[in-house]
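**Student:** Structure file my_file36.pdb, PDB, C-alpha atoms and all ligand atoms, is pasted below:
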```
ATOM      1  CA  MET A   6       1.777  -2.292   2.337
ATOM      2  CA  SER A   7       3.076  -3.329  -1.085
ATOM      3  CA  GLY A   8       1.972  -1.610  -4.285
ATOM      4  CA  ASN A   9       1.348  -4.975  -5.924
ATOM      5  CA  PRO A  10      -2.341  -5.116  -6.895
ATOM      6  CA  LEU A  11      -2.206  -8.905  -6.488
ATOM      7  CA  ALA A  12      -1.585  -8.391  -2.743
ATOM      8  CA  ALA A  13      -5.276  -7.469  -2.415
ATOM      9  CA  ALA A  14      -8.205  -9.909  -2.379
ATOM     10  CA  GLU A  15     -10.357  -8.212  -5.025
ATOM     11  CA  PRO A  16      -8.645  -9.409  -8.245
ATOM     12  CA  TRP A  17      -8.581 -12.953  -6.871
ATOM     13  CA  ASP A  18     -12.272 -12.808  -5.963
ATOM     14  CA  LEU A  19     -13.089 -11.579  -9.462
ATOM     15  CA  VAL A  20     -11.131 -14.330 -11.162
ATOM     16  CA  ALA A  21     -12.068 -17.204  -8.846
ATOM     17  CA  ASP A  22     -14.498 -19.091 -11.119
ATOM     18  CA  GLY A  23     -12.285 -18.772 -14.202
ATOM     19  CA  TYR A  24      -9.176 -19.695 -12.201
ATOM     20  CA  ALA A  25     -10.815 -22.863 -10.895
ATOM     21  CA  ALA A  26     -12.077 -23.801 -14.352
ATOM     22  CA  GLU A  27      -8.996 -22.939 -16.407
ATOM     23  CA  ALA A  28      -5.825 -22.634 -14.365
ATOM     24  CA  LEU A  29      -5.691 -26.046 -12.724
ATOM     25  CA  ALA A  30      -3.828 -27.727 -15.599
ATOM     26  CA  ILE A  31      -1.029 -25.232 -15.005
ATOM     27  CA  MET A  32      -1.167 -25.094 -11.204
ATOM     28  CA  GLU A  33      -2.110 -28.594 -10.028
ATOM     29  CA  PRO A  34       1.174 -30.397 -10.873
ATOM     30  CA  PHE A  35       3.058 -28.022  -8.553
ATOM     31  CA  SER A  36       0.706 -28.901  -5.684
ATOM     32  CA  ALA A  37       1.042 -32.601  -6.485
ATOM     33  CA  ARG A  38       4.826 -32.245  -6.257
ATOM     34  CA  ALA A  39       4.567 -30.300  -2.985
ATOM     35  CA  LEU A  40       2.483 -33.097  -1.456
ATOM     36  CA  GLU A  41       5.040 -35.693  -2.590
ATOM     37  CA  LEU A  42       7.818 -33.661  -0.993
ATOM     38  CA  ALA A  43       5.886 -33.301   2.283
ATOM     39  CA  GLY A  44       5.224 -37.065   2.570
ATOM     40  CA  LEU A  45       1.871 -36.909   4.377
ATOM     41  CA  SER A  46       0.413 -39.793   6.333
ATOM     42  CA  ALA A  47      -3.243 -40.768   6.678
ATOM     43  CA  ASP A  48      -3.509 -39.025  10.068
ATOM     44  CA  SER A  49      -1.911 -35.724   8.990
ATOM     45  CA  HIS A  50      -3.694 -32.448   9.669
ATOM     46  CA  ILE A  51      -2.519 -29.905   7.112
ATOM     47  CA  VAL A  52      -2.971 -26.192   6.495
ATOM     48  CA  ASP A  53      -3.147 -24.730   2.983
ATOM     49  CA  VAL A  54      -2.385 -21.007   3.208
ATOM     50  CA  ALA A  55      -3.649 -18.859   0.290
ATOM     51  CA  ALA A  56      -5.495 -21.949  -0.872
ATOM     52  CA  GLY A  57      -7.333 -20.326  -3.786
ATOM     53  CA  PRO A  58      -9.975 -22.707  -5.164
ATOM     54  CA  GLY A  59      -8.278 -25.619  -3.371
ATOM     55  CA  THR A  60      -5.636 -26.633  -5.880
ATOM     56  CA  LEU A  61      -3.631 -28.361  -3.145
ATOM     57  CA  SER A  62      -6.421 -28.910  -0.581
ATOM     58  CA  LEU A  63      -8.482 -31.038  -2.957
ATOM     59  CA  LEU A  64      -5.470 -33.238  -3.806
ATOM     60  CA  ALA A  65      -4.533 -33.504  -0.122
ATOM     61  CA  ALA A  66      -8.004 -34.432   1.171
ATOM     62  CA  PRO A  67      -7.867 -38.141   0.167
ATOM     63  CA  GLN A  68      -4.344 -38.594   1.569
ATOM     64  CA  SER A  69      -4.697 -36.871   4.953
ATOM     65  CA  ALA A  70      -7.038 -36.757   7.933
ATOM     66  CA  ARG A  71      -7.969 -33.073   7.893
ATOM     67  CA  VAL A  72      -7.302 -30.110   5.614
ATOM     68  CA  THR A  73      -7.671 -26.525   6.808
ATOM     69  CA  ALA A  74      -7.682 -24.038   3.941
ATOM     70  CA  ILE A  75      -7.372 -20.293   4.370
ATOM     71  CA  ASP A  76      -7.490 -17.470   1.819
ATOM     72  CA  PHE A  77      -8.417 -13.794   1.984
ATOM     73  CA  ALA A  78     -10.570 -14.092  -1.157
ATOM     74  CA  GLY A  79     -13.921 -15.435   0.035
ATOM     75  CA  HIS A  80     -15.081 -16.230  -3.482
ATOM     76  CA  MET A  81     -12.100 -18.555  -3.970
ATOM     77  CA  LEU A  82     -13.174 -20.466  -0.860
ATOM     78  CA  GLU A  83     -16.799 -20.637  -2.025
ATOM     79  CA  VAL A  84     -15.520 -22.348  -5.180
ATOM     80  CA  LEU A  85     -13.380 -24.667  -3.031
ATOM     81  CA  ASN A  86     -16.356 -25.585  -0.819
ATOM     82  CA  ARG A  87     -18.532 -26.313  -3.864
ATOM     83  CA  THR A  88     -15.867 -28.489  -5.486
ATOM     84  CA  ALA A  89     -15.142 -30.337  -2.231
ATOM     85  CA  ALA A  90     -18.854 -31.064  -1.725
ATOM     86  CA  ALA A  91     -19.231 -32.300  -5.317
ATOM     87  CA  ALA A  92     -16.221 -34.603  -4.837
ATOM     88  CA  GLY A  93     -17.575 -35.895  -1.527
ATOM     89  CA  HIS A  94     -14.665 -34.588   0.588
ATOM     90  CA  THR A  95     -15.872 -34.074   4.151
ATOM     91  CA  ASN A  96     -12.487 -33.348   5.766
ATOM     92  CA  ILE A  97     -11.800 -29.839   4.359
ATOM     93  CA  GLU A  98     -12.659 -26.747   6.372
ATOM     94  CA  THR A  99     -12.209 -23.226   5.020
ATOM     95  CA  HIS A 100     -11.493 -19.866   6.665
ATOM     96  CA  VAL A 101     -11.477 -16.408   5.141
ATOM     97  CA  GLY A 102      -8.367 -14.714   6.514
ATOM     98  CA  ASP A 103      -4.922 -13.266   6.000
ATOM     99  CA  GLY A 104      -1.963 -15.619   5.644
ATOM    100  CA  GLN A 105       0.153 -13.066   7.523
ATOM    101  CA  ALA A 106      -1.977 -13.463  10.680
ATOM    102  CA  LEU A 107      -3.223 -17.030  10.836
ATOM    103  CA  PRO A 108      -6.223 -17.543  13.162
ATOM    104  CA  PHE A 109      -4.876 -20.889  14.411
ATOM    105  CA  PRO A 110      -3.110 -21.969  17.627
ATOM    106  CA  ASP A 111       0.599 -22.717  17.807
ATOM    107  CA  GLY A 112       1.642 -26.243  16.834
ATOM    108  CA  GLU A 113      -1.731 -27.197  15.299
ATOM    109  CA  PHE A 114      -0.612 -28.778  12.008
ATOM    110  CA  ASP A 115       1.631 -31.617  10.818
ATOM    111  CA  ALA A 116       2.282 -29.926   7.479
ATOM    112  CA  GLY A 117       1.773 -26.453   6.022
ATOM    113  CA  PHE A 118       1.723 -25.230   2.445
ATOM    114  CA  SER A 119       1.494 -21.956   0.586
ATOM    115  CA  MET A 120       1.409 -22.518  -3.146
ATOM    116  CA  PHE A 121       1.931 -19.277  -5.107
ATOM    117  CA  GLY A 122       0.341 -17.354  -2.231
ATOM    118  CA  LEU A 123       2.959 -16.300   0.323
ATOM    119  CA  MET A 124       5.004 -14.944  -2.610
ATOM    120  CA  PHE A 125       2.408 -12.119  -2.856
ATOM    121  CA  PHE A 126       2.359 -11.210   0.834
ATOM    122  CA  PRO A 127       3.561  -7.648   1.501
ATOM    123  CA  ASP A 128       5.229  -9.045   4.646
ATOM    124  CA  ARG A 129       6.790 -12.375   3.667
ATOM    125  CA  THR A 130       8.698 -12.502   6.938
ATOM    126  CA  LYS A 131       5.358 -12.594   8.760
ATOM    127  CA  GLY A 132       4.047 -15.181   6.306
ATOM    128  CA  PHE A 133       6.946 -17.566   6.960
ATOM    129  CA  ALA A 134       6.835 -16.886  10.732
ATOM    130  CA  GLU A 135       3.116 -17.677  10.881
ATOM    131  CA  LEU A 136       3.541 -20.870   8.870
ATOM    132  CA  LEU A 137       6.275 -21.999  11.262
ATOM    133  CA  ARG A 138       4.266 -21.028  14.353
ATOM    134  CA  VAL A 139       1.246 -23.164  13.462
ATOM    135  CA  LEU A 140       3.349 -26.284  12.713
ATOM    136  CA  ARG A 141       4.016 -28.890  15.383
ATOM    137  CA  PRO A 142       7.698 -29.499  16.192
ATOM    138  CA  GLY A 143       9.041 -31.716  13.387
ATOM    139  CA  GLY A 144       6.282 -30.580  11.022
ATOM    140  CA  VAL A 145       7.068 -29.809   7.399
ATOM    141  CA  ALA A 146       6.335 -26.758   5.246
ATOM    142  CA  VAL A 147       6.389 -26.450   1.449
ATOM    143  CA  VAL A 148       6.098 -23.022  -0.174
ATOM    144  CA  SER A 149       6.164 -22.300  -3.900
ATOM    145  CA  ALA A 150       6.996 -19.222  -5.968
ATOM    146  CA  TRP A 151       7.479 -18.641  -9.676
ATOM    147  CA  ALA A 152      10.948 -18.657 -11.193
ATOM    148  CA  PRO A 153      11.820 -15.487 -13.170
ATOM    149  CA  VAL A 154       9.545 -14.886 -16.164
ATOM    150  CA  VAL A 155      12.562 -15.135 -18.469
ATOM    151  CA  GLU A 156      12.832 -18.842 -17.549
ATOM    152  CA  SER A 157       9.176 -19.603 -18.386
ATOM    153  CA  PRO A 158       8.167 -19.686 -22.078
ATOM    154  CA  LEU A 159       4.508 -19.721 -21.035
ATOM    155  CA  MET A 160       4.824 -16.495 -19.032
ATOM    156  CA  ARG A 161       6.953 -14.898 -21.751
ATOM    157  CA  MET A 162       4.185 -15.638 -24.245
ATOM    158  CA  MET A 163       1.631 -14.017 -21.951
ATOM    159  CA  PHE A 164       3.750 -10.905 -21.325
ATOM    160  CA  GLY A 165       4.566 -10.768 -25.060
ATOM    161  CA  ALA A 166       0.826 -10.512 -25.740
ATOM    162  CA  MET A 167       0.374  -7.829 -23.081
ATOM    163  CA  ALA A 168       3.328  -5.818 -24.448
ATOM    164  CA  ALA A 169       1.992  -6.083 -28.006
ATOM    165  CA  ALA A 170      -1.216  -4.419 -26.805
ATOM    166  CA  ASP A 171       0.552  -1.819 -24.682
ATOM    167  CA  PRO A 172       4.234  -1.078 -25.336
ATOM    168  CA  ALA A 173       4.416   0.496 -21.849
ATOM    169  CA  ILE A 174       4.155  -3.041 -20.442
ATOM    170  CA  GLU A 175       7.534  -4.734 -20.299
ATOM    171  CA  GLU A 176       8.465  -8.290 -19.492
ATOM    172  CA  PRO A 177       9.271  -8.310 -15.755
ATOM    173  CA  GLN A 178      13.006  -8.501 -15.116
ATOM    174  CA  PRO A 179      14.275 -11.032 -12.568
ATOM    175  CA  ASN A 180      13.894  -9.691  -9.039
ATOM    176  CA  TYR A 181      16.844 -11.117  -7.175
ATOM    177  CA  LEU A 182      15.506  -9.774  -3.862
ATOM    178  CA  SER A 183      12.365 -11.893  -4.098
ATOM    179  CA  LEU A 184      11.593 -15.622  -3.895
ATOM    180  CA  GLU A 185      12.531 -15.737  -7.606
ATOM    181  CA  ASN A 186      16.052 -16.034  -6.239
ATOM    182  CA  PRO A 187      16.533 -19.489  -4.634
ATOM    183  CA  GLU A 188      19.222 -18.115  -2.303
ATOM    184  CA  VAL A 189      16.874 -15.423  -0.979
ATOM    185  CA  PHE A 190      14.118 -18.050  -0.711
ATOM    186  CA  ALA A 191      16.315 -20.375   1.393
ATOM    187  CA  THR A 192      17.614 -17.510   3.528
ATOM    188  CA  GLU A 193      14.095 -16.245   4.302
ATOM    189  CA  MET A 194      12.990 -19.732   5.350
ATOM    190  CA  ARG A 195      16.077 -20.288   7.514
ATOM    191  CA  THR A 196      15.772 -16.835   9.089
ATOM    192  CA  ALA A 197      12.152 -17.623   9.986
ATOM    193  CA  GLY A 198      13.447 -20.666  11.901
ATOM    194  CA  PHE A 199      12.966 -23.549   9.457
ATOM    195  CA  ALA A 200      15.601 -26.296   9.533
ATOM    196  CA  GLY A 201      16.910 -28.520   6.740
ATOM    197  CA  VAL A 202      15.793 -26.031   4.091
ATOM    198  CA  THR A 203      16.126 -27.013   0.430
ATOM    199  CA  ILE A 204      14.827 -25.296  -2.688
ATOM    200  CA  GLN A 205      13.740 -27.486  -5.581
ATOM    201  CA  ARG A 206      12.976 -26.448  -9.125
ATOM    202  CA  HIS A 207       9.861 -27.914 -10.742
ATOM    203  CA  THR A 208       8.624 -27.411 -14.307
ATOM    204  CA  ASN A 209       5.209 -28.096 -15.808
ATOM    205  CA  GLU A 210       4.269 -27.957 -19.487
ATOM    206  CA  VAL A 211       0.871 -27.074 -20.893
ATOM    207  CA  ALA A 212      -0.395 -27.085 -24.490
ATOM    208  CA  TRP A 213      -3.459 -25.600 -26.157
ATOM    209  CA  ASP A 214      -5.252 -26.501 -29.378
ATOM    210  CA  SER A 215      -4.823 -22.949 -30.651
ATOM    211  CA  GLY A 216      -3.681 -19.457 -29.697
ATOM    212  CA  GLU A 217      -7.342 -18.483 -29.478
ATOM    213  CA  GLN A 218      -8.028 -21.193 -26.941
ATOM    214  CA  MET A 219      -4.979 -20.082 -24.970
ATOM    215  CA  TRP A 220      -6.278 -16.502 -24.977
ATOM    216  CA  ASP A 221      -9.782 -17.509 -23.883
ATOM    217  CA  GLN A 222      -8.385 -19.466 -20.947
ATOM    218  CA  MET A 223      -5.989 -16.710 -19.908
ATOM    219  CA  ALA A 224      -8.634 -13.996 -20.174
ATOM    220  CA  ARG A 225     -10.921 -15.967 -17.850
ATOM    221  CA  SER A 226      -8.369 -17.090 -15.303
ATOM    222  CA  SER A 227      -5.491 -14.591 -15.092
ATOM    223  CA  ALA A 228      -5.497 -12.186 -12.145
ATOM    224  CA  PRO A 229      -2.911  -9.867 -13.823
ATOM    225  CA  LEU A 230      -5.195  -9.588 -16.877
ATOM    226  CA  THR A 231      -8.159  -8.887 -14.573
ATOM    227  CA  VAL A 232      -6.181  -6.076 -12.948
ATOM    228  CA  LEU A 233      -5.312  -4.702 -16.394
ATOM    229  CA  ARG A 234      -8.925  -4.902 -17.538
ATOM    230  CA  ARG A 235     -10.181  -3.024 -14.489
ATOM    231  CA  SER A 236      -7.701  -0.202 -15.131
ATOM    232  CA  LEU A 237      -9.103   0.425 -18.642
ATOM    233  CA  ASP A 238     -12.400   1.615 -20.080
ATOM    234  CA  GLU A 239     -14.401  -1.050 -21.931
ATOM    235  CA  ARG A 240     -13.451   0.195 -25.407
ATOM    236  CA  THR A 241      -9.706   0.296 -24.709
ATOM    237  CA  TRP A 242      -9.876  -3.147 -23.121
ATOM    238  CA  SER A 243     -11.704  -4.511 -26.123
ATOM    239  CA  GLU A 244      -9.068  -3.085 -28.524
ATOM    240  CA  ARG A 245      -6.221  -4.469 -26.445
ATOM    241  CA  ALA A 246      -7.922  -7.837 -25.997
ATOM    242  CA  THR A 247      -8.135  -8.133 -29.800
ATOM    243  CA  ILE A 248      -4.402  -7.376 -30.120
ATOM    244  CA  MET A 249      -3.488  -9.882 -27.399
ATOM    245  CA  ARG A 250      -5.657 -12.556 -28.972
ATOM    246  CA  ASP A 251      -4.107 -11.870 -32.398
ATOM    247  CA  TYR A 252      -0.622 -12.005 -30.886
ATOM    248  CA  LEU A 253      -1.276 -15.452 -29.429
ATOM    249  CA  THR A 254      -2.945 -16.675 -32.612
ATOM    250  CA  THR A 255       0.142 -15.612 -34.582
ATOM    251  CA  ASN A 256       2.879 -16.606 -32.149
ATOM    252  CA  TYR A 257       1.578 -19.788 -30.547
ATOM    253  CA  SER A 258       1.927 -22.961 -32.611
ATOM    254  CA  PRO A 259      -1.045 -25.203 -31.795
ATOM    255  CA  ARG A 260      -0.355 -28.050 -29.383
ATOM    256  CA  THR A 261       3.190 -26.882 -28.626
ATOM    257  CA  PRO A 262       3.934 -27.470 -24.929
ATOM    258  CA  LEU A 263       4.959 -24.302 -23.106
ATOM    259  CA  ALA A 264       6.879 -24.696 -19.881
ATOM    260  CA  THR A 265       6.574 -22.758 -16.673
ATOM    261  CA  THR A 266       8.938 -23.195 -13.755
ATOM    262  CA  ALA A 267       8.592 -22.685 -10.021
ATOM    263  CA  PHE A 268      10.777 -23.038  -6.949
ATOM    264  CA  LEU A 269       9.514 -25.141  -4.061
ATOM    265  CA  GLY A 270      11.011 -24.368  -0.659
ATOM    266  CA  ILE A 271      10.901 -27.220   1.854
ATOM    267  CA  GLY A 272      11.746 -26.858   5.539
ATOM    268  CA  HIS A 273      10.982 -28.394   8.931
ATOM    269  CA  LYS A 274      10.080 -26.929  12.270
ATOM    270  CA  PRO A 275      12.900 -27.996  14.595
ATOM    271  CA  ALA A 276      11.783 -30.879  16.832
TER     272      ALA A 276
HETATM  273  C1  LIG B 301      -2.030 -17.685  -7.616
HETATM  274  S1  LIG B 301      -3.323 -18.008  -6.461
HETATM  275  C2  LIG B 301      -2.784 -19.577  -5.810
HETATM  276  C3  LIG B 301      -3.930 -20.433  -5.371
HETATM  277  C4  LIG B 301      -3.560 -21.875  -5.043
HETATM  278  N1  LIG B 301      -2.725 -21.960  -3.852
HETATM  279  C5  LIG B 301      -2.877 -22.548  -6.215
HETATM  280  O1  LIG B 301      -1.739 -23.039  -6.074
HETATM  281  O2  LIG B 301      -3.484 -22.610  -7.304
HETATM  282  C6  LIG B 301      -2.898 -16.918  -5.120
HETATM  283  C7  LIG B 301      -3.875 -16.987  -3.961
HETATM  284  O3  LIG B 301      -3.289 -16.306  -2.849
HETATM  285  C8  LIG B 301      -4.318 -15.646  -2.140
HETATM  286  N2  LIG B 301      -3.674 -14.635  -1.293
HETATM  287  C9  LIG B 301      -2.812 -13.678  -1.681
HETATM  288  N3  LIG B 301      -2.429 -12.950  -0.640
HETATM  289  C10 LIG B 301      -3.051 -13.469   0.458
HETATM  290  C11 LIG B 301      -3.038 -13.158   1.848
HETATM  291  N4  LIG B 301      -2.319 -12.146   2.333
HETATM  292  N5  LIG B 301      -3.760 -13.929   2.688
HETATM  293  C12 LIG B 301      -4.515 -14.949   2.212
HETATM  294  N6  LIG B 301      -4.581 -15.285   0.910
HETATM  295  C13 LIG B 301      -3.853 -14.551   0.046
HETATM  296  C14 LIG B 301      -5.210 -15.120  -3.264
HETATM  297  O4  LIG B 301      -6.506 -14.780  -2.824
HETATM  298  C15 LIG B 301      -5.216 -16.298  -4.231
HETATM  299  O5  LIG B 301      -6.285 -17.181  -3.954
END
```
Write the structure described by the file as structure tokens, please.
**Tutor:**
Amino acid sequence: MSGNPLAAAEPWDLVADGYAAEALAIMEPFSARALELAGLSADSHIVDVAAGPGTLSLLAAPQSARVTAIDFAGHMLEVLNRTAAAAGHTNIETHVGDGQALPFPDGEFDAGFSMFGLMFFPDRTKGFAELLRVLRPGGVAVVSAWAPVVESPLMRMMFGAMAAADPAIEEPQPNYLSLENPEVFATEMRTAGFAGVTIQRHTNEVAWDSGEQMWDQMARSSAPLTVLRRSLDERTWSERATIMRDYLTTNYSPRTPLATTAFLGIGHKPA
């Protein structure tokens, strides 16, 4: 089991409503790119592993026959179901479950995705193996993971705020043994049995009207901030929240686009 608190469902459950309301402008373009890369057809049945509030599932629903979404955070899937119903999508089904042990038969899907989900699995090998197992021969998988924080001005701004409030928090250094390293990413996919593996870099930019607005959105939608908040008493959190908000108000120039970059790994199940 990994010591990463984001490998547990609880922080994601807690943040589900805020994530759905606030994080989509950052997250959705990566899912849109993943769908382009997969090249779905109208009769495709796809699986979205670690679907969250349906960032990819909701985009995929109009361009495929069936979408099966799975996540271990039930509250995320409740949000997904509500949004799908409001949008009139009738071809999305959701399952609460672990992406490392998919409750689906072999060869069930034409395409499989895990957008910023498999990267958190304590056992990534199992995550990739399960994704491959449930694809039909010739099926395609697209998996995404963040590039190192140092390459993403948006994430640097967020960690800058956290470090201003608590000097014990440091900007994460690149982890070359993780999916932050495109060579490791490709090797893990190939070792799992995927063929024709390529890793693509994709960048999205987001802007806010003010540092305060940026803070409000982050405080509502960020799982790392939720984890931090839960580790502190209310008074300490309130003091640190004020410092983080002030940091963003001072350091973020209104309406300046901040970039964040991810790697998208694409591979096929051998026919
Ligand atoms: C950063 S969110 C990504 C959500 C969505 N795919 C997106 O691109 O916006 C990470 C998601 O992974 C889910 N997750 C993490 N580990 C998981 C696991 N082992 N099994 C299922 N879901 C998991 C979390 O509950 C959360 O919804």
**Student:** Could you tell me which residues the PyMOL selection byres (((chain A and resi 210) around 6) and not hetatm) grabs in this file, written as a PDB file with C-alpha atoms, keeping the file's coordinate frame?
**Tutor:**
```pdb
ATOM      1  CA  ASN A 209       5.209 -28.096 -15.808  1.00  0.00           C
ATOM      2  CA  VAL A 211       0.871 -27.074 -20.893  1.00  0.00           C
ATOM      3  CA  PRO A 262       3.934 -27.470 -24.929  1.00  0.00           C
ATOM      4  CA  LEU A 263       4.959 -24.302 -23.106  1.00  0.00           C
ATOM      5  CA  ALA A 264       6.879 -24.696 -19.881  1.00  0.00           C
TER       6      ALA A 264
END
```
**Student:** Take the PyMOL selection byres (((chain A and resi 64-72) around 7) and not hetatm), apply it to the structure above, and return the hits as a short mmCIF file (atom, residue, chain, number, x, y, z; two decimals) with C-alpha atoms, keeping the file's coordinate frame.
**Tutor:**
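Okay, part_3.cif is ready:
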```
data_model
loop_
_atom_site.label_atom_id
_atom_site.label_comp_id
_atom_site.auth_asym_id
_atom_site.auth_seq_id
_atom_site.Cartn_x
_atom_site.Cartn_y
_atom_site.Cartn_z
CA LEU A 45 1.87 -36.91 4.38
CA SER A 46 0.41 -39.79 6.33
CA ALA A 47 -3.24 -40.77 6.68
CA ASP A 48 -3.51 -39.02 10.07
CA SER A 49 -1.91 -35.72 8.99
CA HIS A 50 -3.69 -32.45 9.67
CA ILE A 51 -2.52 -29.90 7.11
CA VAL A 52 -2.97 -26.19 6.50
CA THR A 60 -5.64 -26.63 -5.88
CA LEU A 61 -3.63 -28.36 -3.14
CA SER A 62 -6.42 -28.91 -0.58
CA LEU A 63 -8.48 -31.04 -2.96
CA THR A 73 -7.67 -26.52 6.81
CA ALA A 74 -7.68 -24.04 3.94
CA HIS A 94 -14.66 -34.59 0.59
CA ASN A 96 -12.49 -33.35 5.77
CA ILE A 97 -11.80 -29.84 4.36
CA GLU A 98 -12.66 -26.75 6.37
#
```
**Student:** Measuring atom to atom with all atoms listed in the file, identify which of A:Asp103, A:Glu15, A:Asp53, A:Glu41 is nearest to ligand LIG 301 (chain B).
**Tutor:**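 Selected residue with least distance to ligand LIG 301 (chain B): A:Asp103.
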**Student:** Using the chain letters and numbering of this document, enumerate as a ChimeraX atom specification the residues selected by the PyMOL selection byres (((chain A and resi 112) around 10) and not hetatm).
**Tutor:** /A:109-111,113-115,136-144,274
**Student:** Residues within 8 Å of ligand LIG 301 (chain B), counting all atoms listed in the file: report them as an MDAnalysis selection string.
**Tutor:** chainID A and resid 11:18 21 28:29 32:33 35:36 53:61 75:79 81 101:105 119:127 228
**Student:** Closest to Pro158 of chain A among A:Ala224, A:Ala106, A:Leu182, A:Ala212, using only C-alpha atoms?
**Tutor:** A:Ala212
**Student:** Do you have the atom CA of Ala146 of chain A-atom CA of Asp128 of chain A distance handy?
**Tutor:**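 Atom CA of Ala146 of chain A sits 17.8 Å away from atom CA of Asp128 of chain A.
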**Student:** Which one of A:Thr99, A:Asn180, A:Thr192, A:Thr203 sits closest to Val147 of chain A if you count only C-alpha atoms?
**Tutor:**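 Once distances to Val147 of chain A are computed over only C-alpha atoms, the minimum belongs to A:Thr203.
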**Student:** Which of these, A:Thr95, A:Pro275, A:Ser149, A:Val20, has the shortest distance to Leu40 of chain A once you count all atoms listed in the file?
**Tutor:** A:Ser149
**Student:** How far is it from atom CA of Met160 of chain A to atom CA of Met249 of chain A, in Å with one decimal?
**Tutor:**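 Here the two named atoms are 13.5 Å from each other.
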**Student:** Rank A:Val84, A:Ala197, A:Ala89, A:Met162 by their smallest atom-to-atom distance to Leu19 of chain A, using only C-alpha atoms, and report the top residue only.
**Tutor:**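 The shortest atom-to-atom distance to Leu19 of chain A comes from A:Val84.
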**Student:** List every protein, DNA or RNA residue with an atom no more than 7 Å from (11.3, -28.6, 6.6) in the file's coordinates, counting all atoms listed in the file, and format the result as number ranges by chain.
**Tutor:** A: 144-146, 199-202, 271-274
**Student:** Between atom CA of Glu217 of chain A and atom CA of Pro259 of chain A, what distance in Å does the model show, to one decimal?
**Tutor:**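 Atom-to-atom, atom CA of Glu217 of chain A and atom CA of Pro259 of chain A are spaced 9.5 Å apart.
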**Student:** Identify which of the residues A:Arg260, A:His207, A:Arg245, A:Lys131 lies closest to Ala152 of chain A, counting all atoms listed in the file when measuring atom-to-atom distances.
**Tutor:** A:His207
**Student:** Please check which residues have atoms at most 8 Å from (-7.6, -14.7, -27.1) in the file's coordinates, counting all atoms listed in the file, and write them as a list in words.
**Tutor:**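 With a cut-off of 8 Å, the residues come to Gly216, Glu217, Gln218, Met219, Trp220, Asp221, Gln222, Met223, Ala224, Ala246, Thr247, Met249, Arg250, Asp251, Leu253 and Thr254 of chain A.
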